[in-house]
Amino acid sequence: MRDGFVIIKKCEEKKTKNGSSFLDLIIGDKNGEIPAKLWDFSGNELFEEEMVVKVRGAIEQYNGKDQFRIVQIRPAVASDDYNLADLVPASEVGGEQMYNMIIKRVNAFKDDDLKAVVTEILKSKKDILITCPAAFRLHHAMVGGLMLHTMSIIRLAEEVCKIYPNVDKELLLAGAILHDTAKTWEFTFGKTGLVKSYSTEGELIGHLVKGAMYVEEAAEKLNIKSEKIILLEHMILSHHGVPEFGSPVRPMFLEAEILSSLDTLDAKIYEINAAVSKVEPGKFTDRQWSLDNRKLYNHGLSGTGHKVNLEN
């Protein structure tokens, strides 16, 4: 028998052929999930998605696949000793720590206009930025994922600027820092801090347009009139690269093109690592629809997973 705390990811009350009620669930923690059944459900307690529960039971085989047969289940209470970070995917580096890394870089900007606008947006949205995932289901869909994705692009951008000194470093970093900030507005969040769905406004407008609006609003508030503000808006609007991925315009200058390329690169690295980590070395993954429906091969020559080497 096994017991422990899990999150209910799916929960439906169903009937057996003889009319008895049972719960058909998917339960899990940050490491994965498993189908589960609670037979002979009395209906006296409420169980729902995103609820933390303590379960006791055993893993059985059903149609050749693992299934958890629940013997006992109860909702978690305030006095229980569990850590939510063990139950949901979360960045290994804390969101606030990465936020402070970013602020440190912005404070070093020599361009006062860019510094003021970026600082205004970051500080006004700090509370949600440090926990926000970067996506609903795909890359960096974890608590703190947005800061991890942003910080990864910043580090990549800094290395690009070492190789190509003609790149405007502060403009590129400003775009990297702000490119996804409106995801904090685009998503709705569940009790666990993960993305539950897209908001109505997010579906209708999207984070690219809203992100550019953030920049315009901050510049107006600070009474800043500079062409770099327009360039920054363009970088946010164009960072998905092409119209079919949501960009109303394509990148039209060097820093915008670099940002778009680095955004794609970081997302693909994460998604490939995530897919390959689920199969043994020498094996192929299932087809990955988000990666051009490709199968991917785990060559086993390096570690897999989502670790990122971040420095101050």
# chains A, B, ... in the order shown; residues from 1 in each chain; ligands from 1
call {"tool": "residues_around", "arguments": {"residues": "A:Ala176", "least_positions_apart": "3", "cutoff": "8 Å", "atoms": "only C-alpha atoms", "output": "PDB file with N, CA, C and O atoms, in the first residue's frame"}}
result
ATOM      1  N   THR A 150      12.176  33.931 -19.312  1.00  0.00           N
ATOM      2  CA  THR A 150      12.699  35.284 -19.546  1.00  0.00           C
ATOM      3  C   THR A 150      14.181  35.360 -19.234  1.00  0.00           C
ATOM      4  O   THR A 150      14.970  35.909 -20.005  1.00  0.00           O
ATOM      5  N   ILE A 153      16.357  33.703 -21.890  1.00  0.00           N
ATOM      6  CA  ILE A 153      16.518  34.533 -23.087  1.00  0.00           C
ATOM      7  C   ILE A 153      17.472  35.686 -22.821  1.00  0.00           C
ATOM      8  O   ILE A 153      18.284  36.048 -23.680  1.00  0.00           O
ATOM      9  N   ILE A 154      17.400  36.266 -21.635  1.00  0.00           N
ATOM     10  CA  ILE A 154      18.327  37.340 -21.283  1.00  0.00           C
ATOM     11  C   ILE A 154      19.769  36.848 -21.362  1.00  0.00           C
ATOM     12  O   ILE A 154      20.635  37.520 -21.938  1.00  0.00           O
ATOM     13  N   ALA A 157      20.750  36.395 -24.908  1.00  0.00           N
ATOM     14  CA  ALA A 157      20.924  37.701 -25.545  1.00  0.00           C
ATOM     15  C   ALA A 157      22.263  38.325 -25.160  1.00  0.00           C
ATOM     16  O   ALA A 157      22.942  38.934 -26.001  1.00  0.00           O
ATOM     17  N   LEU A 172      17.852  45.211 -26.839  1.00  0.00           N
ATOM     18  CA  LEU A 172      17.579  43.777 -26.921  1.00  0.00           C
ATOM     19  C   LEU A 172      17.160  43.222 -25.556  1.00  0.00           C
ATOM     20  O   LEU A 172      16.193  42.462 -25.449  1.00  0.00           O
ATOM     21  N   LEU A 173      17.868  43.614 -24.496  1.00  0.00           N
ATOM     22  CA  LEU A 173      17.520  43.129 -23.163  1.00  0.00           C
ATOM     23  C   LEU A 173      16.155  43.645 -22.722  1.00  0.00           C
ATOM     24  O   LEU A 173      15.370  42.907 -22.100  1.00  0.00           O
ATOM     25  N   HIS A 179       8.945  40.922 -23.230  1.00  0.00           N
ATOM     26  CA  HIS A 179       8.219  40.323 -24.364  1.00  0.00           C
ATOM     27  C   HIS A 179       6.999  39.507 -23.945  1.00  0.00           C
ATOM     28  O   HIS A 179       6.014  39.434 -24.674  1.00  0.00           O
ATOM     29  N   LEU A 259      15.489  38.710 -30.904  1.00  0.00           N
ATOM     30  CA  LEU A 259      14.544  38.348 -29.846  1.00  0.00           C
ATOM     31  C   LEU A 259      13.607  37.233 -30.306  1.00  0.00           C
ATOM     32  O   LEU A 259      13.383  36.254 -29.582  1.00  0.00           O
TER      33      LEU A 259
END
call {"tool": "residues_around", "arguments": {"residues": "A:Glu203", "least_positions_apart": "3", "cutoff": "12 Å", "atoms": "only C-alpha atoms", "output": "short mmCIF file (atom, residue, chain, number, x, y, z; two decimals) with all heavy atoms, in the first residue's frame"}}
result
data_model
loop_
_atom_site.label_atom_id
_atom_site.label_comp_id
_atom_site.auth_asym_id
_atom_site.auth_seq_id
_atom_site.Cartn_x
_atom_site.Cartn_y
_atom_site.Cartn_z
N LYS A 183 1.51 37.97 -20.44
CA LYS A 183 0.96 36.65 -20.14
C LYS A 183 0.33 36.63 -18.75
O LYS A 183 -0.55 35.82 -18.48
CB LYS A 183 2.03 35.57 -20.27
CG LYS A 183 2.37 35.23 -21.72
CD LYS A 183 3.26 34.02 -21.82
CE LYS A 183 3.44 33.60 -23.28
NZ LYS A 183 4.26 32.39 -23.43
N TRP A 185 -1.63 38.68 -17.75
CA TRP A 185 -3.00 39.16 -18.01
C TRP A 185 -3.75 38.22 -18.93
O TRP A 185 -4.97 38.10 -18.86
CB TRP A 185 -2.89 40.56 -18.61
CG TRP A 185 -4.10 41.10 -19.29
CD1 TRP A 185 -5.10 41.86 -18.72
CD2 TRP A 185 -4.44 40.97 -20.67
NE1 TRP A 185 -6.03 42.21 -19.67
CE2 TRP A 185 -5.65 41.67 -20.88
CE3 TRP A 185 -3.85 40.33 -21.76
CZ2 TRP A 185 -6.27 41.74 -22.12
CZ3 TRP A 185 -4.46 40.41 -23.00
CH2 TRP A 185 -5.65 41.10 -23.15
N GLU A 186 -3.01 37.50 -19.78
CA GLU A 186 -3.61 36.65 -20.79
C GLU A 186 -4.21 35.37 -20.21
O GLU A 186 -5.16 34.82 -20.74
CB GLU A 186 -2.53 36.28 -21.83
CG GLU A 186 -3.03 35.47 -23.01
CD GLU A 186 -1.92 35.17 -24.00
OE1 GLU A 186 -0.80 34.82 -23.56
OE2 GLU A 186 -2.17 35.28 -25.21
N PHE A 187 -3.64 34.90 -19.10
CA PHE A 187 -4.06 33.64 -18.50
C PHE A 187 -5.03 33.84 -17.34
O PHE A 187 -5.07 34.90 -16.72
CB PHE A 187 -2.85 32.88 -17.96
CG PHE A 187 -1.82 32.49 -18.98
CD1 PHE A 187 -0.46 32.58 -18.69
CD2 PHE A 187 -2.19 32.01 -20.23
CE1 PHE A 187 0.49 32.20 -19.62
CE2 PHE A 187 -1.24 31.63 -21.17
CZ PHE A 187 0.11 31.74 -20.86
N THR A 188 -5.77 32.78 -17.02
CA THR A 188 -6.43 32.68 -15.73
C THR A 188 -5.74 31.55 -14.98
O THR A 188 -5.25 30.59 -15.58
CB THR A 188 -7.93 32.37 -15.86
OG1 THR A 188 -8.11 31.08 -16.48
CG2 THR A 188 -8.63 33.42 -16.71
N SER A 197 -6.67 28.43 -17.84
CA SER A 197 -7.22 28.67 -19.18
C SER A 197 -6.72 30.03 -19.66
O SER A 197 -6.02 30.74 -18.94
CB SER A 197 -8.74 28.64 -19.16
OG SER A 197 -9.24 29.72 -18.37
N TYR A 198 -7.11 30.37 -20.87
CA TYR A 198 -6.90 31.73 -21.36
C TYR A 198 -8.10 32.59 -20.95
O TYR A 198 -9.24 32.12 -20.97
CB TYR A 198 -6.75 31.75 -22.88
CG TYR A 198 -5.43 31.19 -23.36
CD1 TYR A 198 -5.30 29.83 -23.67
CD2 TYR A 198 -4.32 32.00 -23.50
CE1 TYR A 198 -4.10 29.30 -24.09
CE2 TYR A 198 -3.10 31.50 -23.93
CZ TYR A 198 -3.00 30.15 -24.21
OH TYR A 198 -1.80 29.63 -24.63
N SER A 199 -7.83 33.83 -20.58
CA SER A 199 -8.92 34.75 -20.28
C SER A 199 -9.62 35.14 -21.58
O SER A 199 -9.07 34.97 -22.68
CB SER A 199 -8.39 36.00 -19.59
OG SER A 199 -7.56 36.74 -20.48
N THR A 200 -10.84 35.63 -21.46
CA THR A 200 -11.56 36.10 -22.65
C THR A 200 -10.76 37.19 -23.36
O THR A 200 -10.60 37.18 -24.58
CB THR A 200 -12.94 36.67 -22.25
OG1 THR A 200 -13.69 35.62 -21.62
CG2 THR A 200 -13.70 37.15 -23.47
N GLY A 206 -4.65 38.99 -26.84
CA GLY A 206 -3.37 38.30 -26.80
C GLY A 206 -2.27 39.10 -26.13
O GLY A 206 -2.33 40.33 -26.03
N HIS A 207 -1.21 38.38 -25.69
CA HIS A 207 -0.17 39.04 -24.91
C HIS A 207 0.78 39.89 -25.74
O HIS A 207 1.46 40.76 -25.20
CB HIS A 207 0.62 38.02 -24.08
CG HIS A 207 1.52 37.12 -24.87
ND1 HIS A 207 1.09 35.98 -25.50
CD2 HIS A 207 2.86 37.18 -25.11
CE1 HIS A 207 2.10 35.38 -26.08
NE2 HIS A 207 3.20 36.09 -25.87
N LEU A 208 0.85 39.67 -27.05
CA LEU A 208 1.72 40.51 -27.86
C LEU A 208 1.18 41.94 -27.94
O LEU A 208 1.91 42.91 -27.69
CB LEU A 208 1.88 39.93 -29.27
CG LEU A 208 2.77 38.70 -29.41
CD1 LEU A 208 2.06 37.44 -28.99
CD2 LEU A 208 3.28 38.56 -30.85
N VAL A 209 -0.10 42.06 -28.28
CA VAL A 209 -0.71 43.38 -28.39
C VAL A 209 -0.78 44.05 -27.02
O VAL A 209 -0.44 45.23 -26.87
CB VAL A 209 -2.11 43.27 -29.01
CG1 VAL A 209 -2.83 44.62 -28.97
CG2 VAL A 209 -2.01 42.78 -30.45
N LYS A 210 -1.20 43.30 -26.01
CA LYS A 210 -1.31 43.88 -24.68
C LYS A 210 0.05 44.29 -24.14
O LYS A 210 0.19 45.31 -23.46
CB LYS A 210 -1.98 42.90 -23.72
CG LYS A 210 -2.36 43.49 -22.38
CD LYS A 210 -3.42 44.57 -22.52
CE LYS A 210 -3.92 45.04 -21.16
NZ LYS A 210 -4.97 46.08 -21.29
N GLY A 246 0.78 34.44 -34.57
CA GLY A 246 0.18 35.51 -33.78
C GLY A 246 0.81 36.88 -33.91
O GLY A 246 0.29 37.85 -33.36
#
call {"tool": "select_by_dssp", "arguments": {"residues": "stretch 168-213 of chain A", "states": "alpha helix (DSSP H)", "output": "PyMOL selection string"}}
result
chain A and resi 169-178+183-186+200-204+207-213
call {"tool": "select_by_dssp", "arguments": {"residues": "stretch 220-309 of chain A", "states": "strand (DSSP E or B)", "output": "VMD selection string"}}
result
chain A and resid 284 288 294 297
call {"tool": "residues_around", "arguments": {"residues": "stretch 18-24 of chain A", "least_positions_apart": "3", "cutoff": "9 Å", "atoms": "only C-alpha atoms", "output": "ChimeraX atom specification"}}
result
/A:10-15,35-43
call {"tool": "write_last_selection", "arguments": {"atoms": "all heavy atoms", "output": "tab-separated table (two decimals), in the first residue's frame"}}
result
chain	number	residue	atom	x	y	z
A	10	LYS	N	-8.18	15.48	-12.52
A	10	LYS	CA	-9.46	15.24	-13.19
A	10	LYS	C	-10.32	14.44	-12.22
A	10	LYS	O	-9.82	13.56	-11.52
A	10	LYS	CB	-9.26	14.44	-14.49
A	10	LYS	CG	-10.55	14.05	-15.19
A	10	LYS	CD	-10.26	13.14	-16.37
A	10	LYS	CE	-11.54	12.59	-16.98
A	10	LYS	NZ	-11.28	11.62	-18.06
A	11	CYS	N	-11.62	14.74	-12.19
A	11	CYS	CA	-12.49	14.04	-11.26
A	11	CYS	C	-13.91	13.98	-11.83
A	11	CYS	O	-14.52	15.02	-12.08
A	11	CYS	CB	-12.49	14.76	-9.91
A	11	CYS	SG	-13.49	13.95	-8.64
A	12	GLU	N	-14.39	12.77	-12.05
A	12	GLU	CA	-15.75	12.57	-12.54
A	12	GLU	C	-16.44	11.47	-11.75
A	12	GLU	O	-15.84	10.42	-11.51
A	12	GLU	CB	-15.75	12.17	-14.02
A	12	GLU	CG	-15.28	13.24	-14.98
A	12	GLU	CD	-15.38	12.77	-16.42
A	12	GLU	OE1	-16.52	12.72	-16.94
A	12	GLU	OE2	-14.34	12.44	-17.00
A	13	GLU	N	-17.68	11.71	-11.36
A	13	GLU	CA	-18.47	10.67	-10.72
A	13	GLU	C	-19.19	9.87	-11.80
A	13	GLU	O	-19.85	10.45	-12.66
A	13	GLU	CB	-19.48	11.26	-9.73
A	13	GLU	CG	-20.27	10.21	-8.97
A	13	GLU	CD	-21.19	10.78	-7.92
A	13	GLU	OE1	-21.09	11.99	-7.63
A	13	GLU	OE2	-22.02	10.00	-7.38
A	14	LYS	N	-19.05	8.54	-11.76
A	14	LYS	CA	-19.65	7.68	-12.77
A	14	LYS	C	-20.41	6.53	-12.10
A	14	LYS	O	-20.36	6.37	-10.88
A	14	LYS	CB	-18.57	7.14	-13.72
A	14	LYS	CG	-17.87	8.21	-14.54
A	14	LYS	CD	-16.85	7.60	-15.48
A	14	LYS	CE	-16.19	8.66	-16.34
A	14	LYS	NZ	-15.18	8.08	-17.27
A	15	LYS	N	-21.08	5.75	-12.91
A	15	LYS	CA	-21.85	4.62	-12.41
A	15	LYS	C	-21.33	3.32	-13.02
A	15	LYS	O	-20.97	3.26	-14.21
A	15	LYS	CB	-23.33	4.77	-12.80
A	15	LYS	CG	-24.02	6.00	-12.23
A	15	LYS	CD	-24.34	5.83	-10.75
A	15	LYS	CE	-25.19	7.00	-10.26
A	15	LYS	NZ	-25.49	6.89	-8.80
A	35	PRO	N	-3.93	7.53	-13.73
A	35	PRO	CA	-5.38	7.34	-13.56
A	35	PRO	C	-5.65	6.66	-12.21
A	35	PRO	O	-4.84	5.85	-11.74
A	35	PRO	CB	-5.76	6.43	-14.73
A	35	PRO	CG	-4.63	6.55	-15.71
A	35	PRO	CD	-3.41	6.80	-14.90
A	36	ALA	N	-6.78	6.98	-11.61
A	36	ALA	CA	-7.12	6.39	-10.31
A	36	ALA	C	-8.62	6.14	-10.25
A	36	ALA	O	-9.41	6.80	-10.92
A	36	ALA	CB	-6.69	7.32	-9.18
A	37	LYS	N	-9.00	5.18	-9.43
A	37	LYS	CA	-10.42	4.86	-9.22
A	37	LYS	C	-10.70	4.78	-7.72
A	37	LYS	O	-9.91	4.22	-6.96
A	37	LYS	CB	-10.77	3.52	-9.86
A	37	LYS	CG	-10.68	3.49	-11.38
A	37	LYS	CD	-11.80	4.27	-12.01
A	37	LYS	CE	-11.84	4.04	-13.53
A	37	LYS	NZ	-10.65	4.51	-14.23
A	38	LEU	N	-11.82	5.36	-7.33
A	38	LEU	CA	-12.35	5.19	-5.99
A	38	LEU	C	-13.69	4.49	-6.13
A	38	LEU	O	-14.69	5.11	-6.52
A	38	LEU	CB	-12.52	6.54	-5.28
A	38	LEU	CG	-13.19	6.49	-3.91
A	38	LEU	CD1	-12.35	5.69	-2.91
A	38	LEU	CD2	-13.47	7.88	-3.38
A	39	TRP	N	-13.72	3.19	-5.83
A	39	TRP	CA	-14.94	2.42	-5.99
A	39	TRP	C	-15.86	2.63	-4.79
A	39	TRP	O	-15.43	3.06	-3.72
A	39	TRP	CB	-14.61	0.94	-6.16
A	39	TRP	CG	-13.71	0.67	-7.33
A	39	TRP	CD1	-12.40	0.34	-7.29
A	39	TRP	CD2	-14.08	0.74	-8.72
A	39	TRP	NE1	-11.90	0.19	-8.57
A	39	TRP	CE2	-12.91	0.42	-9.46
A	39	TRP	CE3	-15.26	1.02	-9.40
A	39	TRP	CZ2	-12.89	0.39	-10.85
A	39	TRP	CZ3	-15.25	0.99	-10.78
A	39	TRP	CH2	-14.08	0.67	-11.49
A	40	ASP	N	-17.13	2.33	-4.99
A	40	ASP	CA	-18.12	2.45	-3.91
A	40	ASP	C	-18.09	3.84	-3.27
A	40	ASP	O	-18.02	3.99	-2.05
A	40	ASP	CB	-17.87	1.38	-2.82
A	40	ASP	CG	-17.96	-0.02	-3.40
A	40	ASP	OD1	-18.86	-0.26	-4.24
A	40	ASP	OD2	-17.13	-0.86	-3.04
A	41	PHE	N	-18.15	4.85	-4.11
A	41	PHE	CA	-18.14	6.23	-3.63
A	41	PHE	C	-19.50	6.58	-3.05
A	41	PHE	O	-20.54	6.46	-3.72
A	41	PHE	CB	-17.79	7.17	-4.80
A	41	PHE	CG	-17.85	8.63	-4.44
A	41	PHE	CD1	-17.08	9.14	-3.42
A	41	PHE	CD2	-18.68	9.49	-5.16
A	41	PHE	CE1	-17.13	10.49	-3.09
A	41	PHE	CE2	-18.74	10.84	-4.85
A	41	PHE	CZ	-17.96	11.34	-3.81
A	42	SER	N	-19.51	7.06	-1.81
A	42	SER	CA	-20.77	7.35	-1.11
A	42	SER	C	-21.37	8.68	-1.52
A	42	SER	O	-22.58	8.89	-1.37
A	42	SER	CB	-20.54	7.34	0.39
A	42	SER	OG	-19.69	8.42	0.77
A	43	GLY	N	-20.53	9.59	-2.01
A	43	GLY	CA	-21.03	10.91	-2.37
A	43	GLY	C	-21.15	11.87	-1.21
A	43	GLY	O	-21.66	12.98	-1.35
call {"tool": "closest_residue", "arguments": {"among": "A:Lys278, A:His234, A:Lys295, A:Lys54", "to": "A:Val77", "atoms": "only C-alpha atoms"}}
result
A:Lys54
call {"tool": "closest_atom_pairs", "arguments": {"of": "stretch 111-213 of chain A", "to": "stretch 264-276 of chain A", "cutoff": "12 Å", "atoms": "only C-alpha atoms", "output": "Markdown table"}}
result
| residue | atom | partner | partner_atom | distance |
| --- | --- | --- | --- | --- |
| A:Ala134 | CA | A:Ala267 | CA | 9.7 |
| A:Ala135 | CA | A:Ala267 | CA | 10.0 |
| A:Arg137 | CA | A:Glu271 | CA | 10.4 |
| A:Leu138 | CA | A:Glu271 | CA | 7.0 |
| A:His139 | CA | A:Ala267 | CA | 5.5 |
| A:His140 | CA | A:Tyr270 | CA | 7.1 |
| A:Ala141 | CA | A:Tyr270 | CA | 10.2 |
| A:Met142 | CA | A:Tyr270 | CA | 11.8 |
| A:Gly145 | CA | A:Tyr270 | CA | 10.9 |
| A:Leu146 | CA | A:Ala267 | CA | 11.2 |
| A:Leu148 | CA | A:Asp266 | CA | 10.2 |
| A:His149 | CA | A:Asp266 | CA | 7.2 |
| A:Thr150 | CA | A:Asp266 | CA | 9.3 |
| A:Met151 | CA | A:Asp266 | CA | 10.3 |
| A:Ser152 | CA | A:Asp266 | CA | 7.1 |
| A:Ile153 | CA | A:Asp266 | CA | 6.8 |
| A:Ile154 | CA | A:Asp266 | CA | 10.5 |
| A:Arg155 | CA | A:Asp266 | CA | 10.7 |
| A:Leu156 | CA | A:Asp266 | CA | 8.8 |
| A:Ala157 | CA | A:Asp266 | CA | 11.1 |
| A:Ala176 | CA | A:Asp266 | CA | 11.7 |
call {"tool": "closest_residue", "arguments": {"among": "A:Leu87, A:Leu129, A:Leu178, A:Leu232", "to": "A:Asp29", "atoms": "only C-alpha atoms"}}
result
A:Leu87
call {"tool": "atom_distance", "arguments": {"atom1": "atom CA of A:Leu194", "atom2": "atom CA of A:Asn31"}}
result
14.8 Å
call {"tool": "residues_around", "arguments": {"residues": "A:Gly193", "least_positions_apart": "6", "cutoff": "9 Å", "atoms": "only C-alpha atoms", "output": "list in words"}}
result
Val88, Thr131, Cys132, Pro133, Met142 and Val143 of chain A
call {"tool": "write_last_selection", "arguments": {"atoms": "N, CA and C atoms", "output": "PDB file, in the first residue's frame"}}
result
ATOM      1  N   VAL A  88       3.230  20.377  -7.727  1.00  0.00           N
ATOM      2  CA  VAL A  88       3.059  21.013  -9.034  1.00  0.00           C
ATOM      3  C   VAL A  88       4.423  21.303  -9.637  1.00  0.00           C
ATOM      4  N   THR A 131       5.463  34.270 -10.013  1.00  0.00           N
ATOM      5  CA  THR A 131       4.854  32.940  -9.947  1.00  0.00           C
ATOM      6  C   THR A 131       4.296  32.466 -11.288  1.00  0.00           C
ATOM      7  N   CYS A 132       4.080  33.369 -12.224  1.00  0.00           N
ATOM      8  CA  CYS A 132       3.376  33.054 -13.461  1.00  0.00           C
ATOM      9  C   CYS A 132       4.108  32.009 -14.315  1.00  0.00           C
ATOM     10  N   PRO A 133       3.410  30.975 -14.780  1.00  0.00           N
ATOM     11  CA  PRO A 133       3.994  30.073 -15.783  1.00  0.00           C
ATOM     12  C   PRO A 133       4.165  30.812 -17.115  1.00  0.00           C
ATOM     13  N   MET A 142       5.061  25.912 -15.698  1.00  0.00           N
ATOM     14  CA  MET A 142       5.329  25.608 -14.293  1.00  0.00           C
ATOM     15  C   MET A 142       5.268  26.898 -13.485  1.00  0.00           C
ATOM     16  N   VAL A 143       5.100  26.762 -12.191  1.00  0.00           N
ATOM     17  CA  VAL A 143       5.135  27.935 -11.324  1.00  0.00           C
ATOM     18  C   VAL A 143       6.526  28.555 -11.418  1.00  0.00           C
TER      19      VAL A 143
END
call {"tool": "closest_residue", "arguments": {"among": "A:Ala212, A:Leu122, A:Val53, A:Val71", "to": "A:His239", "atoms": "only C-alpha atoms"}}
result
A:Ala212
call {"tool": "residues_around", "arguments": {"residues": "stretch 299-303 of chain A", "least_positions_apart": "5", "cutoff": "12 Å", "atoms": "only C-alpha atoms", "output": "ChimeraX atom specification"}}
result
/A:273-274,276-277,279-285,308
call {"tool": "closest_residue", "arguments": {"among": "A:Lys169, A:Lys221, A:Lys125, A:Lys104", "to": "A:Ile258", "atoms": "only C-alpha atoms"}}
result
A:Lys169
call {"tool": "residues_around", "arguments": {"residues": "A:Glu255", "least_positions_apart": "2", "cutoff": "9 Å", "atoms": "only C-alpha atoms", "output": "ChimeraX atom specification"}}
result
/A:167-169,171-172,175,235,251-253,257-260
call {"tool": "write_last_selection", "arguments": {"atoms": "N, CA, C and O atoms", "output": "mmCIF file, in the first residue's frame"}}
result
data_model
loop_
_atom_site.group_PDB
_atom_site.id
_atom_site.type_symbol
_atom_site.label_atom_id
_atom_site.label_comp_id
_atom_site.auth_asym_id
_atom_site.auth_seq_id
_atom_site.Cartn_x
_atom_site.Cartn_y
_atom_site.Cartn_z
ATOM 1 N N VAL A 167 25.002 45.041 -32.041
ATOM 2 C CA VAL A 167 23.645 44.905 -31.486
ATOM 3 C C VAL A 167 23.480 45.892 -30.335
ATOM 4 O O VAL A 167 24.375 46.037 -29.490
ATOM 5 N N ASP A 168 22.351 46.580 -30.297
ATOM 6 C CA ASP A 168 22.054 47.472 -29.169
ATOM 7 C C ASP A 168 21.641 46.602 -27.984
ATOM 8 O O ASP A 168 20.511 46.114 -27.907
ATOM 9 N N LYS A 169 22.562 46.414 -27.065
ATOM 10 C CA LYS A 169 22.356 45.462 -25.970
ATOM 11 C C LYS A 169 21.170 45.840 -25.086
ATOM 12 O O LYS A 169 20.342 44.988 -24.739
ATOM 13 N N LEU A 171 18.541 47.698 -25.739
ATOM 14 C CA LEU A 171 17.270 47.544 -26.446
ATOM 15 C C LEU A 171 16.886 46.075 -26.520
ATOM 16 O O LEU A 171 15.725 45.703 -26.274
ATOM 17 N N LEU A 172 17.852 45.211 -26.839
ATOM 18 C CA LEU A 172 17.579 43.777 -26.921
ATOM 19 C C LEU A 172 17.160 43.222 -25.556
ATOM 20 O O LEU A 172 16.193 42.462 -25.449
ATOM 21 N N GLY A 175 13.611 44.306 -24.626
ATOM 22 C CA GLY A 175 12.624 43.489 -25.334
ATOM 23 C C GLY A 175 12.511 42.101 -24.745
ATOM 24 O O GLY A 175 11.402 41.566 -24.586
ATOM 25 N N MET A 235 9.190 45.166 -31.067
ATOM 26 C CA MET A 235 9.826 43.898 -30.676
ATOM 27 C C MET A 235 8.828 42.962 -30.003
ATOM 28 O O MET A 235 8.826 41.755 -30.239
ATOM 29 N N PRO A 251 9.474 40.789 -37.630
ATOM 30 C CA PRO A 251 10.590 41.606 -37.141
ATOM 31 C C PRO A 251 11.204 42.437 -38.260
ATOM 32 O O PRO A 251 11.488 41.912 -39.338
ATOM 33 N N MET A 252 11.405 43.727 -37.995
ATOM 34 C CA MET A 252 11.875 44.644 -39.034
ATOM 35 C C MET A 252 13.225 45.282 -38.727
ATOM 36 O O MET A 252 13.661 46.165 -39.465
ATOM 37 N N PHE A 253 13.866 44.877 -37.640
ATOM 38 C CA PHE A 253 15.237 45.339 -37.397
ATOM 39 C C PHE A 253 15.961 44.265 -36.597
ATOM 40 O O PHE A 253 15.352 43.290 -36.120
ATOM 41 N N GLU A 257 14.614 40.750 -34.637
ATOM 42 C CA GLU A 257 14.848 39.423 -35.212
ATOM 43 C C GLU A 257 15.555 38.511 -34.213
ATOM 44 O O GLU A 257 15.217 37.335 -34.080
ATOM 45 N N ILE A 258 16.535 39.054 -33.495
ATOM 46 C CA ILE A 258 17.260 38.252 -32.506
ATOM 47 C C ILE A 258 16.311 37.792 -31.406
ATOM 48 O O ILE A 258 16.321 36.619 -31.005
ATOM 49 N N LEU A 259 15.489 38.710 -30.904
ATOM 50 C CA LEU A 259 14.544 38.348 -29.846
ATOM 51 C C LEU A 259 13.607 37.233 -30.306
ATOM 52 O O LEU A 259 13.383 36.254 -29.582
ATOM 53 N N SER A 260 13.057 37.355 -31.491
ATOM 54 C CA SER A 260 12.153 36.338 -32.016
ATOM 55 C C SER A 260 12.845 34.983 -32.111
ATOM 56 O O SER A 260 12.289 33.949 -31.734
#
call {"tool": "closest_residue", "arguments": {"among": "A:Glu120, A:Glu217, A:Glu50, A:Glu227", "to": "A:Phe189", "atoms": "only C-alpha atoms"}}
result
A:Glu50
call {"tool": "atom_distance", "arguments": {"atom1": "atom CA of A:Val249", "atom2": "atom CA of A:Ile130"}}
result
29.0 Å
